[in-house]
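With CSV, C-alpha atoms and all ligand atoms inside, this is start.csv:
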chain,number,residue,atom,x,y,z
C,1,ASP,CA,112.4,114.0,82.1
C,2,PHE,CA,109.2,115.7,82.9
C,3,THR,CA,108.6,119.0,81.2
C,4,PHE,CA,105.8,121.4,80.7
C,5,SER,CA,106.5,121.6,77.0
C,6,GLU,CA,104.5,118.4,76.1
C,7,TYR,CA,101.6,116.4,77.3
C,8,HIS,CA,102.5,113.2,79.1
C,9,GLY,CA,100.6,110.0,79.7
C,10,THR,CA,99.7,108.7,83.1
C,11,LYS,CA,102.9,106.7,83.5
C,12,VAL,CA,105.1,109.6,83.1
C,13,ILE,CA,102.9,111.8,85.3
C,14,TYR,CA,103.1,109.2,88.0
C,15,ARG,CA,106.8,108.9,87.7
C,16,GLN,CA,107.0,112.6,88.3
C,17,LEU,CA,104.9,112.2,91.4
C,18,ASP,CA,107.4,109.6,92.7
C,19,ASP,CA,110.3,112.0,92.0
C,20,TRP,CA,108.6,114.7,94.0
C,21,ALA,CA,107.9,112.4,96.8
C,22,ASP,CA,111.6,111.6,96.9
C,23,ARG,CA,112.7,115.2,96.6
C,24,TYR,CA,110.3,116.8,99.0
C,25,LYS,CA,110.0,114.1,101.7
C,26,ASP,CA,108.7,116.5,104.4
C,27,LEU,CA,106.1,118.0,102.1
C,28,VAL,CA,104.7,115.4,99.8
C,29,SER,CA,102.9,112.1,100.2
C,30,ILE,CA,101.5,109.9,97.5
C,31,SER,CA,98.7,107.5,97.8
C,32,SER,CA,95.9,106.0,95.8
C,33,ILE,CA,92.2,106.8,96.2
C,34,GLY,CA,91.1,103.7,94.2
C,35,LYS,CA,91.5,101.9,90.9
C,36,SER,CA,90.3,102.7,87.4
C,37,SER,CA,87.5,100.6,86.0
C,38,HIS,CA,89.1,99.0,82.9
C,39,ASP,CA,92.8,98.7,83.5
C,40,GLN,CA,92.8,98.8,87.3
C,41,GLN,CA,95.3,101.6,87.3
C,42,ASP,CA,95.8,103.5,90.5
C,43,ILE,CA,94.1,106.8,90.8
C,44,ARG,CA,96.9,108.6,92.5
C,45,LEU,CA,96.6,111.4,95.0
C,46,LEU,CA,99.4,113.8,95.8
C,47,THR,CA,99.1,115.5,99.2
C,48,ILE,CA,101.1,118.6,99.8
C,49,SER,CA,101.3,119.6,103.5
C,50,ASP,CA,104.0,121.6,105.3
C,51,PRO,CA,103.9,120.7,109.0
C,52,SER,CA,106.7,123.2,109.8
C,53,ILE,CA,104.4,126.3,109.2
C,54,GLY,CA,100.9,127.1,110.2
C,55,SER,CA,98.7,125.1,112.5
C,56,ALA,CA,98.9,121.3,112.8
C,57,GLN,CA,95.4,120.6,111.4
C,58,LYS,CA,94.9,122.7,108.4
C,59,PRO,CA,91.8,123.0,106.1
C,60,ALA,CA,92.4,121.7,102.6
C,61,ILE,CA,91.8,122.5,99.0
C,62,PHE,CA,91.0,119.6,96.8
C,63,ILE,CA,92.0,119.7,93.1
C,64,ASP,CA,91.4,117.2,90.3
C,65,GLY,CA,92.2,117.0,86.6
C,66,GLY,CA,91.5,114.6,83.8
C,67,ILE,CA,87.9,113.6,84.5
C,68,HIS,CA,87.5,113.9,80.7
C,69,ALA,CA,90.1,112.0,78.7
C,70,ARG,CA,90.6,114.4,75.8
C,71,GLU,CA,91.0,117.6,77.9
C,72,TRP,CA,94.8,117.2,78.1
C,73,ILE,CA,95.4,120.7,79.3
C,74,SER,CA,93.7,119.8,82.6
C,75,PRO,CA,96.2,117.2,84.0
C,76,ALA,CA,99.1,119.4,82.6
C,77,THR,CA,97.8,122.5,84.5
C,78,VAL,CA,97.1,120.6,87.6
C,79,MET,CA,100.7,119.3,87.6
C,80,TYR,CA,101.9,122.8,87.0
C,81,ILE,CA,99.9,124.0,90.0
C,82,ALA,CA,101.4,121.2,92.1
C,83,ARG,CA,104.9,122.1,91.1
C,84,GLN,CA,104.4,125.7,92.0
C,85,LEU,CA,103.0,124.7,95.4
C,86,LEU,CA,106.1,122.6,96.1
C,87,SER,CA,108.2,125.8,96.0
C,88,ALA,CA,105.6,128.1,97.4
C,89,LYS,CA,107.4,128.6,100.7
C,90,ASP,CA,110.4,130.2,99.0
C,91,ASN,CA,108.3,133.2,97.9
C,92,PRO,CA,106.8,135.5,100.5
C,93,ASP,CA,103.8,136.1,98.2
C,94,THR,CA,102.9,132.4,98.0
C,95,ARG,CA,104.1,131.1,101.4
C,96,PHE,CA,100.6,131.5,102.8
C,97,LEU,CA,99.4,128.8,100.5
C,98,LEU,CA,101.2,126.2,102.7
C,99,GLU,CA,100.7,128.1,105.9
C,100,TYR,CA,96.9,128.1,105.7
C,101,PHE,CA,96.1,125.1,103.6
C,102,ASP,CA,96.9,121.5,102.8
C,103,TRP,CA,96.5,120.5,99.2
C,104,HIS,CA,95.0,117.2,98.0
C,105,ILE,CA,95.6,116.8,94.3
C,106,VAL,CA,94.5,114.1,91.8
C,107,PRO,CA,96.1,114.9,88.5
C,108,VAL,CA,94.4,112.2,86.5
C,109,LEU,CA,91.0,111.0,87.7
C,110,ASN,CA,90.3,109.0,84.5
C,111,PRO,CA,93.7,107.4,83.7
C,112,ASP,CA,92.2,104.7,81.4
C,113,GLY,CA,90.4,107.2,79.2
C,114,TYR,CA,93.3,109.7,79.3
C,115,ASP,CA,95.8,107.0,78.1
C,116,PHE,CA,93.4,105.8,75.5
C,117,SER,CA,93.1,109.3,74.1
C,118,HIS,CA,97.0,109.2,73.7
C,119,ALA,CA,96.9,105.9,71.9
C,120,GLY,CA,96.7,106.9,68.3
C,121,ARG,CA,95.0,109.7,66.4
C,122,LEU,CA,91.7,108.0,66.1
C,123,ASN,CA,91.3,108.0,69.9
C,124,ARG,CA,92.4,111.6,70.5
C,125,LEU,CA,88.9,112.9,71.2
C,126,TRP,CA,87.8,110.2,73.6
C,127,ARG,CA,85.9,111.7,76.6
C,128,LYS,CA,84.6,109.0,78.8
C,129,ASN,CA,86.3,106.3,80.8
C,130,ARG,CA,86.8,102.8,79.3
C,131,SER,CA,84.3,100.9,81.3
C,132,ASN,CA,83.1,97.7,79.5
C,133,ALA,CA,85.6,98.1,76.6
C,134,PRO,CA,86.6,94.6,75.3
C,135,SER,CA,89.6,93.5,77.3
C,136,THR,CA,92.4,91.4,76.1
C,137,THR,CA,90.6,88.3,77.2
C,138,GLY,CA,87.9,89.2,74.8
C,139,ILE,CA,84.1,89.6,75.1
C,140,PHE,CA,83.4,86.1,73.8
C,141,GLY,CA,84.1,84.3,77.0
C,142,ARG,CA,81.2,86.2,78.5
C,143,ARG,CA,77.6,85.1,78.6
C,144,ILE,CA,75.8,86.9,75.9
C,145,THR,CA,72.8,88.8,77.2
C,146,LEU,CA,70.7,90.1,74.3
C,147,LEU,CA,69.5,93.1,76.2
C,148,THR,CA,70.0,96.1,74.0
C,149,ASP,CA,71.6,98.2,76.7
C,150,GLN,CA,74.0,95.4,77.6
C,151,LEU,CA,74.9,95.0,74.0
C,152,SER,CA,75.3,98.7,73.3
C,153,ARG,CA,77.6,98.9,76.4
C,154,HIS,CA,79.9,96.4,74.6
C,155,ILE,CA,79.7,98.1,71.3
C,156,CYS,CA,80.0,101.5,72.9
C,157,PRO,CA,82.3,101.4,76.0
C,158,GLY,CA,82.7,104.1,78.5
C,159,VAL,CA,80.7,106.2,80.9
C,160,ASP,CA,80.9,110.0,81.1
C,161,LEU,CA,82.2,110.3,84.6
C,162,ASN,CA,80.9,113.8,84.9
C,163,ARG,CA,77.4,112.5,84.5
C,164,ASN,CA,77.8,109.5,86.9
C,165,PHE,CA,78.0,111.2,90.3
C,166,GLU,CA,75.3,110.4,92.7
C,167,TYR,CA,73.8,113.8,93.4
C,168,PHE,CA,70.6,114.2,91.3
C,169,TRP,CA,71.9,111.6,89.0
C,170,LYS,CA,70.2,111.5,85.6
C,171,SER,CA,68.0,114.4,86.3
C,172,GLY,CA,68.8,116.2,83.0
C,173,GLY,CA,71.6,116.7,80.4
C,174,SER,CA,72.8,113.1,80.4
C,175,SER,CA,71.9,110.0,78.4
C,176,ASP,CA,70.7,106.4,79.0
C,177,TRP,CA,72.3,105.3,75.8
C,178,ALA,CA,75.7,103.8,76.2
C,179,CYS,CA,76.9,105.2,72.8
C,180,SER,CA,76.2,108.8,73.9
C,181,GLU,CA,79.1,111.0,74.8
C,182,VAL,CA,77.2,111.9,77.9
C,183,TYR,CA,76.2,108.4,79.0
C,184,ALA,CA,75.3,108.6,82.7
C,185,GLY,CA,76.2,104.9,83.3
C,186,PRO,CA,74.0,102.0,84.5
C,187,ALA,CA,73.6,103.4,88.0
C,188,ALA,CA,74.5,106.4,90.1
C,189,GLY,CA,78.2,106.2,91.1
C,190,SER,CA,78.6,102.9,89.1
C,191,GLU,CA,82.1,103.7,88.0
C,192,SER,CA,85.1,102.9,90.1
C,193,GLU,CA,86.6,106.3,89.3
C,194,THR,CA,83.4,108.0,90.5
C,195,LYS,CA,83.3,105.8,93.6
C,196,ALA,CA,86.9,106.6,94.4
C,197,LEU,CA,86.4,110.3,94.2
C,198,SER,CA,83.0,110.3,96.0
C,199,SER,CA,84.3,108.4,98.9
C,200,TYR,CA,87.4,110.4,99.2
C,201,LEU,CA,85.4,113.7,99.3
C,202,LEU,CA,83.0,112.3,101.8
C,203,LEU,CA,85.8,111.0,104.0
C,204,ASN,CA,87.4,114.4,104.1
C,205,LYS,CA,84.3,116.7,103.8
C,206,ASP,CA,85.0,118.6,107.0
C,207,LYS,CA,88.6,119.3,106.0
C,208,PHE,CA,87.9,120.4,102.4
C,209,LYS,CA,87.0,124.0,102.1
C,210,SER,CA,87.1,124.0,98.4
C,211,TYR,CA,86.7,121.6,95.5
C,212,LEU,CA,88.2,122.6,92.2
C,213,THR,CA,87.9,120.5,89.1
C,214,PHE,CA,89.8,121.3,85.9
C,215,HIS,CA,88.3,120.8,82.5
C,216,SER,CA,88.6,122.3,79.1
C,217,TYR,CA,87.7,124.2,77.1
C,218,GLY,CA,86.0,127.6,77.2
C,219,ARG,CA,87.8,129.8,79.7
C,220,ALA,CA,85.0,129.8,82.2
C,221,ILE,CA,84.5,129.4,85.9
C,222,LEU,CA,81.3,127.4,86.5
C,223,LEU,CA,79.6,127.3,89.8
C,224,PRO,CA,76.8,125.0,91.1
C,225,TRP,CA,74.4,123.8,90.2
C,226,GLY,CA,74.7,121.8,87.0
C,227,HIS,CA,71.6,119.8,87.4
C,228,THR,CA,69.0,122.6,87.8
C,229,THR,CA,68.5,126.2,87.1
C,230,ASP,CA,67.8,126.8,90.8
C,231,LEU,CA,70.5,128.7,92.5
C,232,PRO,CA,72.4,127.2,95.4
C,233,ALA,CA,71.7,128.7,98.8
C,234,THR,CA,75.1,130.3,98.9
C,235,TYR,CA,75.0,131.5,95.3
C,236,ASN,CA,76.0,135.1,96.2
C,237,GLU,CA,78.9,134.0,98.2
C,238,LEU,CA,80.0,131.6,95.5
C,239,LEU,CA,79.7,134.3,92.9
C,240,ARG,CA,81.5,136.9,95.0
C,241,MET,CA,84.4,134.6,95.5
C,242,GLY,CA,84.5,133.5,91.9
C,243,MET,CA,83.8,136.9,90.5
C,244,GLN,CA,86.2,139.0,92.5
C,245,LYS,CA,88.8,136.6,93.5
C,246,PHE,CA,88.7,133.7,91.2
C,247,SER,CA,88.4,135.8,88.1
C,248,PRO,CA,92.1,136.3,88.5
C,249,LEU,CA,91.9,133.3,86.2
C,250,CYS,CA,90.3,135.7,83.8
C,251,TRP,CA,91.8,139.1,84.4
C,252,ARG,CA,93.9,139.6,87.5
C,253,ALA,CA,96.4,137.1,86.3
C,254,ASN,CA,96.9,139.4,83.4
C,255,GLN,CA,97.8,142.3,85.7
C,256,LEU,CA,100.0,140.1,87.9
C,257,LEU,CA,101.9,138.8,85.0
C,258,ARG,CA,101.7,141.9,82.9
C,259,GLN,CA,100.9,139.9,80.0
C,260,SER,CA,99.1,141.2,77.0
C,261,ILE,CA,97.1,138.1,76.1
C,262,VAL,CA,93.6,139.1,75.5
C,263,GLN,CA,91.5,137.3,78.0
C,264,ILE,CA,87.8,137.0,78.1
C,265,CYS,CA,86.3,134.9,80.8
C,266,TYR,CA,82.9,134.1,82.1
C,267,ILE,CA,81.8,133.2,85.5
C,268,ILE,CA,78.4,131.6,85.5
C,269,HIS,CA,76.5,128.9,87.0
C,270,ALA,CA,77.1,125.6,85.2
C,271,ASN,CA,73.6,125.2,83.9
C,272,LEU,CA,73.9,128.4,81.8
C,273,PHE,CA,76.0,126.4,79.4
C,274,TYR,CA,73.5,123.5,79.5
C,275,ILE,CA,71.8,121.5,82.3
C,276,ALA,CA,74.0,118.5,83.1
C,277,SER,CA,73.4,116.4,86.1
C,278,GLY,CA,75.7,113.9,87.8
C,279,GLY,CA,78.7,116.3,87.8
C,280,SER,CA,81.5,116.1,90.4
C,281,ASP,CA,81.0,119.7,91.3
C,282,ASP,CA,77.4,119.1,92.2
C,283,PHE,CA,78.4,116.1,94.3
C,284,ALA,CA,81.1,118.0,96.1
C,285,HIS,CA,78.8,120.9,97.0
C,286,GLY,CA,75.5,119.0,97.3
C,287,THR,CA,76.4,115.7,98.8
C,288,ALA,CA,79.7,116.4,100.5
C,289,GLY,CA,78.8,119.9,101.5
C,290,ILE,CA,82.1,121.4,100.4
C,291,PRO,CA,81.3,125.2,100.5
C,292,TYR,CA,83.3,126.4,97.5
C,293,ALA,CA,83.0,124.1,94.5
C,294,TYR,CA,83.9,125.2,91.0
C,295,THR,CA,84.5,123.7,87.6
C,296,ILE,CA,87.1,125.6,85.7
C,297,GLU,CA,87.1,125.4,82.0
C,298,LEU,CA,90.6,126.1,80.9
C,299,PRO,CA,91.6,127.8,77.6
C,300,ASP,CA,91.1,128.2,74.9
C,301,GLN,CA,87.8,129.3,73.6
C,302,GLY,CA,87.6,127.1,70.6
C,303,THR,CA,90.4,128.0,68.3
C,304,HIS,CA,92.2,124.8,69.1
C,305,GLY,CA,89.6,123.5,71.5
C,306,PHE,CA,90.7,120.1,73.0
C,307,LEU,CA,93.7,120.1,70.7
C,308,LEU,CA,95.5,123.0,72.5
C,309,PRO,CA,99.1,123.0,71.4
C,310,PRO,CA,101.5,121.9,74.2
C,311,SER,CA,103.4,125.2,73.9
C,312,GLU,CA,100.5,126.8,75.7
C,313,ILE,CA,101.0,124.7,78.9
C,314,PRO,CA,103.3,127.2,80.6
C,315,ASN,CA,101.0,130.2,79.8
C,316,VAL,CA,97.9,128.4,81.0
C,317,GLY,CA,99.8,127.2,84.0
C,318,LYS,CA,101.1,130.6,85.0
C,319,GLU,CA,97.7,132.2,84.5
C,320,THR,CA,95.9,129.6,86.4
C,321,PHE,CA,98.3,129.5,89.3
C,322,ALA,CA,98.1,133.3,89.7
C,323,GLY,CA,94.3,132.8,89.9
C,324,ILE,CA,94.8,130.1,92.5
C,325,VAL,CA,97.0,132.4,94.6
C,326,ALA,CA,94.4,135.2,94.6
C,327,TYR,CA,91.6,132.8,95.2
C,328,ALA,CA,93.3,131.1,98.1
C,329,ALA,CA,94.1,134.5,99.7
C,330,GLU,CA,90.4,135.2,99.7
C,331,LEU,CA,89.5,131.8,100.9
C,332,ALA,CA,91.9,132.2,103.8
C,333,LYS,CA,89.8,135.1,105.0
C,334,THR,CA,86.8,132.9,105.4
C,335,LEU,CA,88.6,130.5,107.8
C,401,LIG,O1,79.8,119.1,80.6
C,401,LIG,C1,80.6,118.9,81.4
C,401,LIG,O2,80.8,117.9,82.0
C,401,LIG,C2,81.6,120.1,81.7
C,401,LIG,N1,82.0,120.7,80.5
C,401,LIG,S1,83.0,119.9,79.5
C,401,LIG,O3,83.1,120.6,78.2
C,401,LIG,N2,84.5,119.9,80.1
C,401,LIG,O4,82.6,118.5,79.3
C,401,LIG,C3,80.9,121.1,82.5
C,401,LIG,C4,80.4,120.6,83.8
C,401,LIG,C5,79.7,121.6,84.7
C,401,LIG,N3,79.2,121.1,85.9
C,401,LIG,C6,78.0,120.5,85.9
C,401,LIG,N4,77.2,120.5,84.9
C,401,LIG,N5,77.6,119.9,87.0
C,402,ZN,ZN,85.3,118.2,80.8
Once more with this new file: its structure as structure tokens, please.
Ligand code: 0X9
Ligand code: ZN
Amino acid sequence: DFTFSEYHGTKVIYRQLDDWADRYKDLVSISSIGKSSHDQQDIRLLTISDPSIGSAQKPAIFIDGGIHAREWISPATVMYIARQLLSAKDNPDTRFLLEYFDWHIVPVLNPDGYDFSHAGRLNRLWRKNRSNAPSTTGIFGRRITLLTDQLSRHICPGVDLNRNFEYFWKSGGSSDWACSEVYAGPAAGSESETKALSSYLLLNKDKFKSYLTFHSYGRAILLPWGHTTDLPATYNELLRMGMQKFSPLCWRANQLLRQSIVQICYIIHANLFYIASGGSDDFAHGTAGIPYAYTIELPDQGTHGFLLPPSEIPNVGKETFAGIVAYAAELAKTL
């Protein structure tokens, strides 16, 4: 059965979504926002919406995980958040989460890459999707084009989905070279995962008040932009929300949970790490116009890095959910 004591592959995560859909019929619906590029897996969406409280048409918060394959704590934490939301009504402190908002959640945006990173130790640090990887039918049936970039795409499969989004695509911090870990892809929005998310965000742009994308690692809350050192027009507001209310992810969660874990956290604009264009956060804010867009780099800060032990899932989950509660409370005031 599904637990938060180990990391699960896409199949097991999807089975859990089905179970929730069975158990919480009035609250949950499952759909697919598109297919993955290599294995044509569904990119599943979990919608949590309680029609029995609040208004009929609620604003929504969009959450995704697993854009980068190796960042296993991301899908795990997103699933943890989803599970907490399912029982949010039972607790007077969290009831408002369903009273004021709908929640649209994609736990694994890059299922091919994620599953590949589970397939043997050698693949554990895979980051990109699996686009152009040789399939079971083999590459030999295809016409050989001796263009170097075509060739290198076969030798080096995968596109960094977080460099492939259409907003200021390839304007810094990404690569043309297919073998690079930050390969931007052959064209803006070329990947079917990117297309699926982009169209879903555009379709619902008026409904979505916030876009939250979970990555690891670093314990940081990043705000737009990633593609430039210019500040977004609403920088102060983004910072205020992130600083005072999202930083629960950094410190208020500690108080709420009375835990003694030493937490250091940064809230900065994404480009202070490094300029990186084509990110989903920039697309959500810049193209889709979603007001509050953040990339959250979950723990840790490098001790284990991407290889965070699964025993940390509940801690990270609790801490992050406490942050979500405080953040959503602040967001509700802006409605
Ligand atoms: O570089 C990234 O894609 C993200 N960091 S990670 O270590 N998880 O790969 C940060 C993305 C921040 N947002 C933008 N640069 N737009
Ligand atoms: Zn990442």
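Note that atom CA of Val182 of chain C and atom CA of Gly9 of chain C are 23.5 Å apart.
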Enumerate residues in contact with ligand LIG 401 (chain C): an atom-to-atom distance of at most 7 Å, counting all atoms listed in the file. Format the result as number ranges by chain.
C: 68, 162-163, 215-217, 222, 224-227, 270-271, 275-282, 295, 297
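In terms of minimum interatomic distance to ligand ZN 402 (chain C), C:Phe214 ranks closest within C:Tyr235, C:Tyr24, C:Phe116, C:Phe214, counting all atoms listed in the file.
Atom pair atom CA of Lys207 of chain C / atom CA of Gly113 of chain C: separated by 29.5 Å.
The closest residue to Ser117 of chain C, picked from C:Thr10, C:Ser37, C:Thr228, C:Ser31 and counting all atoms listed in the file, is C:Thr10.
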Option closest in space to ligand ZN 402 (chain C), from C:Arg127, C:Arg83, C:Arg95, C:His38 [counting all atoms listed in the file]:
C:Arg127
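Residue nearest ligand ZN 402 (chain C) within the list C:Ser55, C:Ser311, C:Gln84, C:Asn129: C:Asn129 [criterion: smallest interatomic distance, only C-alpha atoms and all ligand atoms].
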Can you tell me, as a ChimeraX atom specification, what residues are no more than 6 Å from segment 185-196 of chain C when counting all atoms listed in the file, ignoring any on the same chain fewer than 5 positions away?
/C:33-34,36-37,159,164-166,169
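Compared by their closest atoms to Phe208 of chain C, and using only C-alpha atoms, the residues C:Asp102, C:Asp160, C:Asp93, C:Asp1 rank with C:Asp102 nearest.
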Identify, on the basis of all atoms listed in the file, every residue whose closest approach to Asp19 of chain C does not exceed 12 Å; exclude the query and any residue fewer than 2 positions from it along the same chain; express the result as a ChimeraX atom specification.
/C:1-2,12-17,21-25,28-30,46,83
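Nearest residue to ligand ZN 402 (chain C) among C:Ile53, C:Ile221, C:Ala69, C:Ala119 is C:Ala69, counting all atoms listed in the file.
Note that atom CA of Phe306 of chain C and atom CA of Ala76 of chain C are 12.8 Å apart.
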Near-segment 329-334 of chain C list (9 Å; all atoms listed in the file; drop same-chain fewer than 3 positions) as an MDAnalysis selection string:
chainID C and resid 96:97 100:101 209:210 241 245:246 292 324:326
